[in-house]
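Visitor: Could you have a look at this structure, given as structure tokens, before my questions?
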Amino acid sequence: MFGLISAQLAFFLSLGAFLAGAAGSLVFWKNNKAANLWSNILAIIGSLFGLVASLSVILTGAVFSYAISSGSPLMDISLDVDRLAAFFIFVISLIALLASVYGIEYVKHFYKKYNIGALGFFYNTFILGMLLVVAAHNAIFFLVAWEIMSLASYFLVIFENKEKENVRAGSLYFVMTHVGTAFILLSFLLLYSFTGSFDFSVIKANIANVPPLIQSVIFLLALAGFGTKAGIIPLHVWLPSAHPAAPTHVSALMSGVMIKTGIYMFIRIFLDIMPGGPLWWGELVLVIGAVSSLLGVLYALTEHDIKRLLAYHSIENIGIILLGLGSAMFFFAQGMKTLAILGLVAALFHTLNHAIFKALLFLGAGSVIAKTHTRNMEEYGGLIRLMPATAFFFLIGSMAISALPPFNGFFSEWLTFQSLFSGLATAGISMRWVLIFGAGALAFTGGLAAACFVKAFGATFLARPRSEEAKHATESGTLMLVGMGVLAALTLIVGFFAGWVAQIISSIVNGLSAFKKVDVPFVADSSAFHLQSGFAQVSMLIILLSLVGVSVLVFLAVKIFTKDRKIKIARTWDCGTELGPRMEITATGFSRSIITIFQGILKPTKQTSIEYRDAEMRYFQKANIVKLEVADVYGAYLYQPLQDFLTRIANYFKKIQSGNVNAYVLYIFLILIILLLILTV
């Protein structure tokens with residue numbers, strides 16, 4: 001009973017703290033310093049209560065629900081926090097806590113230009129909306145919470161509204177998120193028409209009343225609606241623009257947790273409310289996951305804007321999560337529920353891991369941006385000497401997202417591989433193609449991700465500074481470093497204790513009605529994990545000890561074999577010229593060969609301009625500038641033609657707006673006649 005009361009009380013205290021944070025920000029509207037402290041401290045308190053509530057539910061099973069019935073289904077408020085919802089509340093609260101600690105110091109550089117009261121209001125409202133989204137148990141109330149989250153995040157995207165690019169990014173995000181909401185609304189209306197309720201429990205109990213064809217239509221509508229928020233390809237076009245436009249600690253929340261609300265609803269609808277769909281559902285999700293992961297990392301490789309690069313990696317990692325979720329749906333449709341658990345555990349584990357290391361990377365990028373005043377990696381360089389702590393934390397995040405052991409990204413990707421490989425051993429020959437495609441895409445993605453972060457870290461922190469701002473950068477403040485440091489520690493802690501984390505996540509999966517009394521296909525302790533089939537096993541302790549041992553041996557070997565070698569430090573010879581940034585490989589140059597290999601997909605364009613020392617003598621070049629650009633093919637070949645088509649249609653119908661009131665009355669009269677004819681037939 002105490003667990004039940006404490007979890008419920010902590011959750012409502014969390015919601016109350018975020019409400020107070022939003023309200024207090026309005027009170028301190030004209031006092032930037034007070035608004036910053038109030039909004040972030042209340043967000044920290046709300047996040048702590050959220051962590052207490054979620055951990056209480058996850059560890060003790062003390063699920064709770066809360067409902068207010070108004071007599072009208074349009075006004076009912078229904079909350080239900082089971083273990084699945086609690087898991088996502090935990091992820092939201094964890095990242096919000098550390099982003100808010102970081103934000104106290106980061107936001108200071110906005111004091112002279114922008115209203116921090118507005119930032120604090122929408123920031124707390126945004127987190128509140130995400131918590132309500134995963135706790136909502138009524139479709140109408142869910143849509144209200146969804147709209148709160150979407151609108152608050154829109155205003156955060158355009159917070160720096162003096163930058164026209166940010167306003168354009170916000171406009172695109174606003175349109176795309178509401179297109180997605182339209183699909184979600186249609187899916188809920190179809191469920192209501194066959195079940196007679198907007199309550200998720202009632203819908204779930206009466207899902208047999210929904211014909212299979214209609215269920216497939218609902219699946220496609222939900223896939224499009226929630227997939228837009230998750231950023232799956234080709235519905236991702238808003239994400240690379242919107243995430244970089246927001247303040248950095250907001251970008252960490254949007255990229256680390258907001259897009260996961262789409263994943264939450266995928267699991268809630270496809271494997272809880274409406275489980276047992278046909279095989280092609282899982283196959284489609286697997287294919288979308290494979291394509292999103294592969295193209296996401298390819299587009300990231302082409303970027304020299306550090307925040308856009310990280311945004312594209314969010315698309316990649318959503319694809320990896322969908323590989324696990326798709327395999328779970330694939331196995332569930334074939335009655336192999338034990339393997340379905342393996343795939344779903346992999347998806348949830350990577351959901352947690354991605355939130356941690358992506359938030360770390362965004363906060364690291366924000367630290368660099370705050371000191372150099374640019375997002376262009378071509379203007380960085382040499383920052384490891386001036387910002388050593390930031391460089392160290394960014395390096396840890398880079399290794400985690402590249403799935404290098406013993407960090408957390410390694411284990412969840414390894415688990416995703418095991419779910420796909422296990423399916424290859426049991427699925428029929430005709431069904432193996434999608435699993436092979438998914439495993440191949442995941443392997444390819446891992447290699448390209450490592451290459452991308454070699455570029456990102458090297459271009460940002462190594463070599464020589466390539467701008468005056470980079471030459472004079474200084475280390476970030478204590479609170480910013482604390483936010484990054486805790487996340488960096490978590491990448492190692494979660495990676496080392498991956499066995500325990502997998503056990504906890506498996507209990508969350510077993511809490512879903514479709515997976516109750518289903519045996520978990522693996523055995524795990526603190527750091528070891530092995531499949532009961534004997535197909536694979538891993539020990540994070542052995543991996544860690546092996547890495548330490550190899551590092552020590554290499555260090556000793558270098559010391560022994562070079563003990564008599566004299567080291568002489570001298571300037572590098574470069575044909576008599578001074579060493580400078582022009583001798584360094586750029587971020588664009590690093591990825592050019594990979595872009596060339598995939599030019600059939602990426603469609604790169606190259607512009608070359610030459611500046612001569614003397615306009616009359618075309619022999620001595622002063623500068624040779626090569627500009628390599630990669631356009632998003634989906635924007636160029638899908639959304640731009642669609643926009644042009646809609647514009648033509650709008651211009652055509654604009655002709656009927658003559659401004660003549662008599663004409664408008666005639667239109668109304670004709671429509672009434674048509675309606676009367678329809679009703680009398």
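Residues in the structure tokens are named by chain (A, B, ... in the order shown) and by number from 1 within that chain; ligands are numbered from 1 in the order shown.
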Name the residues in contact with A:Ile369 at a cut-off of 10 Å, using only C-alpha atoms, excluding same-chain residues fewer than 2 positions from it; report them as a ChimeraX atom specification.
Guide: /A:248,306-307,363-367,371-377,380,470,473
Visitor: Set the distance at 9 Å and use only C-alpha atoms: which residues neighbour A:Ser150 once local chain neighbours fewer than 6 positions away are removed? I'd like the list as a ChimeraX atom specification.
Guide: /A:126,129,174,177-178
Visitor: Would you put the residues from that selection into a file with N, CA and C atoms, as a PDB file, in the first residue's frame?
Guide:
ATOM      1  N   PHE A 126       6.422  21.896 -21.658  1.00  0.00           N
ATOM      2  CA  PHE A 126       6.854  20.831 -22.568  1.00  0.00           C
ATOM      3  C   PHE A 126       7.081  19.520 -21.808  1.00  0.00           C
ATOM      4  N   GLY A 129       3.815  18.144 -20.581  1.00  0.00           N
ATOM      5  CA  GLY A 129       3.074  17.515 -21.672  1.00  0.00           C
ATOM      6  C   GLY A 129       3.572  16.113 -21.977  1.00  0.00           C
ATOM      7  N   PHE A 174       5.693  22.756 -37.111  1.00  0.00           N
ATOM      8  CA  PHE A 174       4.283  22.962 -36.781  1.00  0.00           C
ATOM      9  C   PHE A 174       3.376  22.237 -37.775  1.00  0.00           C
ATOM     10  N   THR A 177       3.914  18.242 -37.485  1.00  0.00           N
ATOM     11  CA  THR A 177       3.374  17.639 -36.264  1.00  0.00           C
ATOM     12  C   THR A 177       1.855  17.602 -36.295  1.00  0.00           C
ATOM     13  N   HIS A 178       1.234  18.589 -36.937  1.00  0.00           N
ATOM     14  CA  HIS A 178      -0.222  18.581 -36.993  1.00  0.00           C
ATOM     15  C   HIS A 178      -0.751  17.679 -38.107  1.00  0.00           C
TER      16      HIS A 178
END
Visitor: Between A:Ser93, A:Leu79, A:Glu378, A:Ile560, which residue has the minimum interatomic distance to A:Val257, considering only C-alpha atoms?
Guide: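 Smallest separation from A:Val257 among the options: A:Ser93.
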Visitor: Pick out the closest residue to A:Glu105 from this set: A:Thr478, A:Thr351, A:Thr586, A:Ser39. Count only C-alpha atoms.
Guide: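 That would be A:Thr478, the residue with the smallest distance to A:Glu105.
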Visitor: Could you find all residues in stretch 434-677 of chain A that DSSP calls alpha helix (DSSP H) from the backbone, and write them as a ChimeraX atom specification?
Guide: /A:434-461,468-471,478-496,498-510,540-561,587-597,599-602,633-634,640-653,661-677
Visitor: With C-alpha atoms retained, export the selected residues as a compact mmCIF listing (two decimals), in the first residue's frame.
Guide:
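So the final result, stored in selection01.txt, reads:
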# COMPACT_ATOMS: atom_id res chain seq x y z
CA VAL A 434 13.54 -9.11 -43.89
CA LEU A 435 15.64 -10.26 -40.92
CA ILE A 436 18.76 -10.47 -43.10
CA PHE A 437 18.05 -7.00 -44.44
CA GLY A 438 17.60 -5.64 -40.90
CA ALA A 439 20.79 -7.28 -39.57
CA GLY A 440 22.79 -6.07 -42.57
CA ALA A 441 21.51 -2.52 -42.19
CA LEU A 442 22.34 -2.55 -38.48
CA ALA A 443 25.89 -3.79 -39.14
CA PHE A 444 26.42 -1.18 -41.85
CA THR A 445 24.96 1.54 -39.61
CA GLY A 446 27.37 0.70 -36.78
CA GLY A 447 30.43 1.13 -39.00
CA LEU A 448 29.20 4.38 -40.53
CA ALA A 449 28.27 5.79 -37.10
CA ALA A 450 31.82 5.18 -35.86
CA ALA A 451 33.21 6.94 -38.95
CA CYS A 452 30.84 9.87 -38.42
CA PHE A 453 31.94 10.45 -34.84
CA VAL A 454 35.59 10.15 -35.73
CA LYS A 455 34.82 13.10 -38.00
CA ALA A 456 32.76 14.96 -35.41
CA PHE A 457 35.26 14.60 -32.58
CA GLY A 458 38.34 15.13 -34.74
CA ALA A 459 37.04 18.21 -36.54
CA THR A 460 35.81 19.76 -33.30
CA PHE A 461 38.51 19.04 -30.75
CA GLU A 468 39.29 33.31 -33.84
CA GLU A 469 36.41 32.15 -31.61
CA ALA A 470 37.91 28.67 -31.38
CA LYS A 471 41.30 30.15 -30.45
CA THR A 478 30.48 23.81 -13.32
CA LEU A 479 26.74 23.12 -13.70
CA MET A 480 27.08 22.46 -17.42
CA LEU A 481 29.93 20.05 -16.71
CA VAL A 482 27.90 18.33 -13.97
CA GLY A 483 25.06 17.65 -16.42
CA MET A 484 27.46 16.18 -18.96
CA GLY A 485 29.52 14.33 -16.35
CA VAL A 486 26.56 12.46 -14.85
CA LEU A 487 25.36 11.40 -18.30
CA ALA A 488 28.88 10.26 -19.21
CA ALA A 489 29.03 8.18 -16.01
CA LEU A 490 25.63 6.66 -16.81
CA THR A 491 26.83 5.44 -20.22
CA LEU A 492 29.44 3.35 -18.41
CA ILE A 493 27.28 2.30 -15.45
CA VAL A 494 24.33 1.19 -17.59
CA GLY A 495 26.74 -0.58 -19.94
CA PHE A 496 28.54 -2.46 -17.16
CA ALA A 498 23.51 -4.22 -18.57
CA GLY A 499 22.44 -7.65 -17.30
CA TRP A 500 20.49 -6.15 -14.41
CA VAL A 501 18.97 -3.49 -16.65
CA ALA A 502 17.86 -6.20 -19.12
CA GLN A 503 16.22 -8.12 -16.26
CA ILE A 504 14.29 -5.03 -15.15
CA ILE A 505 13.17 -4.28 -18.70
CA SER A 506 12.05 -7.90 -19.17
CA SER A 507 9.80 -7.49 -16.10
CA ILE A 508 8.31 -4.39 -17.75
CA VAL A 509 7.58 -6.40 -20.90
CA ASN A 510 6.06 -9.23 -18.85
CA MET A 540 30.60 -6.92 -19.65
CA LEU A 541 33.04 -7.65 -16.81
CA ILE A 542 35.22 -9.80 -19.06
CA ILE A 543 35.05 -7.19 -21.82
CA LEU A 544 36.05 -4.42 -19.41
CA LEU A 545 38.91 -6.44 -17.92
CA SER A 546 40.10 -7.39 -21.41
CA LEU A 547 40.13 -3.75 -22.53
CA VAL A 548 42.02 -2.69 -19.42
CA GLY A 549 44.48 -5.57 -19.83
CA VAL A 550 45.16 -4.84 -23.49
CA SER A 551 45.62 -1.12 -22.73
CA VAL A 552 48.12 -1.90 -19.97
CA LEU A 553 50.04 -4.32 -22.20
CA VAL A 554 50.22 -1.80 -25.04
CA PHE A 555 51.39 0.92 -22.64
CA LEU A 556 54.10 -1.32 -21.18
CA ALA A 557 55.23 -2.49 -24.63
CA VAL A 558 55.57 1.10 -25.83
CA LYS A 559 57.53 2.07 -22.70
CA ILE A 560 59.88 -0.94 -23.01
CA PHE A 561 60.62 -0.65 -26.72
CA ALA A 587 34.79 17.70 -41.80
CA THR A 588 33.55 17.93 -45.39
CA GLY A 589 36.76 16.47 -46.78
CA PHE A 590 36.70 13.59 -44.28
CA SER A 591 33.30 12.37 -45.44
CA ARG A 592 33.69 13.16 -49.14
CA SER A 593 34.83 9.66 -50.11
CA ILE A 594 31.84 8.08 -48.36
CA ILE A 595 29.50 10.56 -50.02
CA THR A 596 31.02 9.64 -53.38
CA ILE A 597 30.38 5.95 -52.73
CA GLN A 599 26.20 9.41 -54.45
CA GLY A 600 23.37 7.45 -56.08
CA ILE A 601 21.38 7.81 -52.86
CA LEU A 602 22.61 11.13 -51.50
CA VAL A 633 16.12 13.71 -51.54
CA TYR A 634 12.77 13.33 -49.75
CA GLN A 640 8.56 19.94 -52.74
CA PRO A 641 6.41 18.48 -55.58
CA LEU A 642 3.60 17.96 -53.07
CA GLN A 643 3.90 21.57 -51.91
CA ASP A 644 3.89 22.81 -55.51
CA PHE A 645 0.77 20.75 -56.26
CA LEU A 646 -1.10 22.07 -53.22
CA THR A 647 -0.06 25.62 -54.09
CA ARG A 648 -1.50 25.23 -57.60
CA ILE A 649 -4.75 23.85 -56.18
CA ALA A 650 -4.96 26.72 -53.68
CA ASN A 651 -4.33 29.31 -56.38
CA TYR A 652 -7.09 27.74 -58.48
CA PHE A 653 -9.68 27.85 -55.70
CA VAL A 661 -21.00 39.10 -50.74
CA ASN A 662 -23.70 38.13 -53.25
CA ALA A 663 -21.41 35.46 -54.67
CA TYR A 664 -20.79 34.01 -51.17
CA VAL A 665 -24.54 33.88 -50.50
CA LEU A 666 -24.95 32.05 -53.82
CA TYR A 667 -22.32 29.49 -52.77
CA ILE A 668 -24.16 28.86 -49.49
CA PHE A 669 -27.48 28.52 -51.31
CA LEU A 670 -26.06 26.00 -53.81
CA ILE A 671 -24.48 23.90 -51.03
CA LEU A 672 -27.82 23.83 -49.14
CA ILE A 673 -29.61 22.64 -52.29
CA ILE A 674 -27.01 19.89 -52.79
CA LEU A 675 -27.32 18.77 -49.15
CA LEU A 676 -31.11 18.66 -49.39
CA LEU A 677 -30.88 16.53 -52.52
Visitor: Let me make sure I understand: among A:Ala182, A:Ala514, A:Ala636, A:Ala35, which one has the smallest atom-to-atom distance to A:Ile273 if we use only C-alpha atoms?
Guide: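 Of the candidates, the smallest distance to A:Ile273 is held by A:Ala514.
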Visitor: Where does DSSP see strand (DSSP E or B) in stretch 429-654 of chain A, if you list the residues as a ChimeraX atom specification?
Guide: /A:522-524,528-531,537-539,604-614,617-630
Visitor: Between A:Ser25, A:Ser527, A:Asn115, A:Gln8, which one has atoms that come closest to A:Val63, using only C-alpha atoms?
Guide: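 Ranked by minimum distance to A:Val63, first place goes to A:Gln8.
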Visitor: Determine, counting only C-alpha atoms, which protein, DNA and RNA residues have an atom within 9 Å of an atom of A:Phe266; residues of the same chain fewer than 6 positions away are not included. Present the result as a PyMOL selection string.
Guide: chain A and resi 222-223+226-227+325
Visitor: Excluding A:Ala135 and residues on its chain fewer than 4 positions from it, collect all residues at most 8 Å away from it, counting only C-alpha atoms, and give them as a count of residues only.
Guide: 5
Visitor: Using only C-alpha atoms, which of A:Lys563, A:His313, A:Arg308, A:His472 sits nearest A:Leu383?
Guide: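 Closest residue, counting only C-alpha atoms: A:His472.
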Visitor: Name the residues in contact with A:Leu48 at a cut-off of 9 Å, using only C-alpha atoms, excluding same-chain residues fewer than 4 positions from it; report them as a list in words.
Guide: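 So, after excluding close chain neighbours, the residues are Ala10, Ser14, Ala43, Ile44, Val52, Ala53, Ser93, Leu94 and Leu97 of chain A.
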Visitor: Suppose you want the space between atom CA of A:Ile89 and atom CA of A:Met329; what is it in Å?
Guide: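 A separation of 23.4 Å between them.
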Visitor: Given the choices A:Gly120, A:Leu286, A:Lys654, A:Arg565, which gets closest to A:Met431 if the distance is worked out from only C-alpha atoms?
Guide: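 Ranked by minimum distance to A:Met431, first place goes to A:Leu286.
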Visitor: Could you name the residues that touch A:Ile288 at 12 Å or less, counting only C-alpha atoms, but leaving out those on the same chain fewer than 4 positions away, as number ranges by chain?
Guide: A: 223-224, 227, 230-236, 281-284, 292-296, 315-316, 318-327, 434, 437-438, 441
Visitor: Skip A:Gln334 itself and residues of its chain fewer than 4 positions away, then list as a PyMOL selection string all residues within 9 Å of it, counting only C-alpha atoms.
Guide: chain A and resi 276+278-279+329-330+427
Visitor: Provide the atom CA of A:Pro405 to atom CA of A:Phe362 distance in Å, to one decimal place.
Guide: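 One can read the atom CA of A:Pro405 to atom CA of A:Phe362 distance as 21.0 Å.
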Visitor: Figure out the distance between atom CA of A:Ala152 and atom CA of A:Gly24, please, to one decimal in Å.
Guide: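 For atom CA of A:Gly24 relative to atom CA of A:Ala152, the distance reads 16.1 Å.
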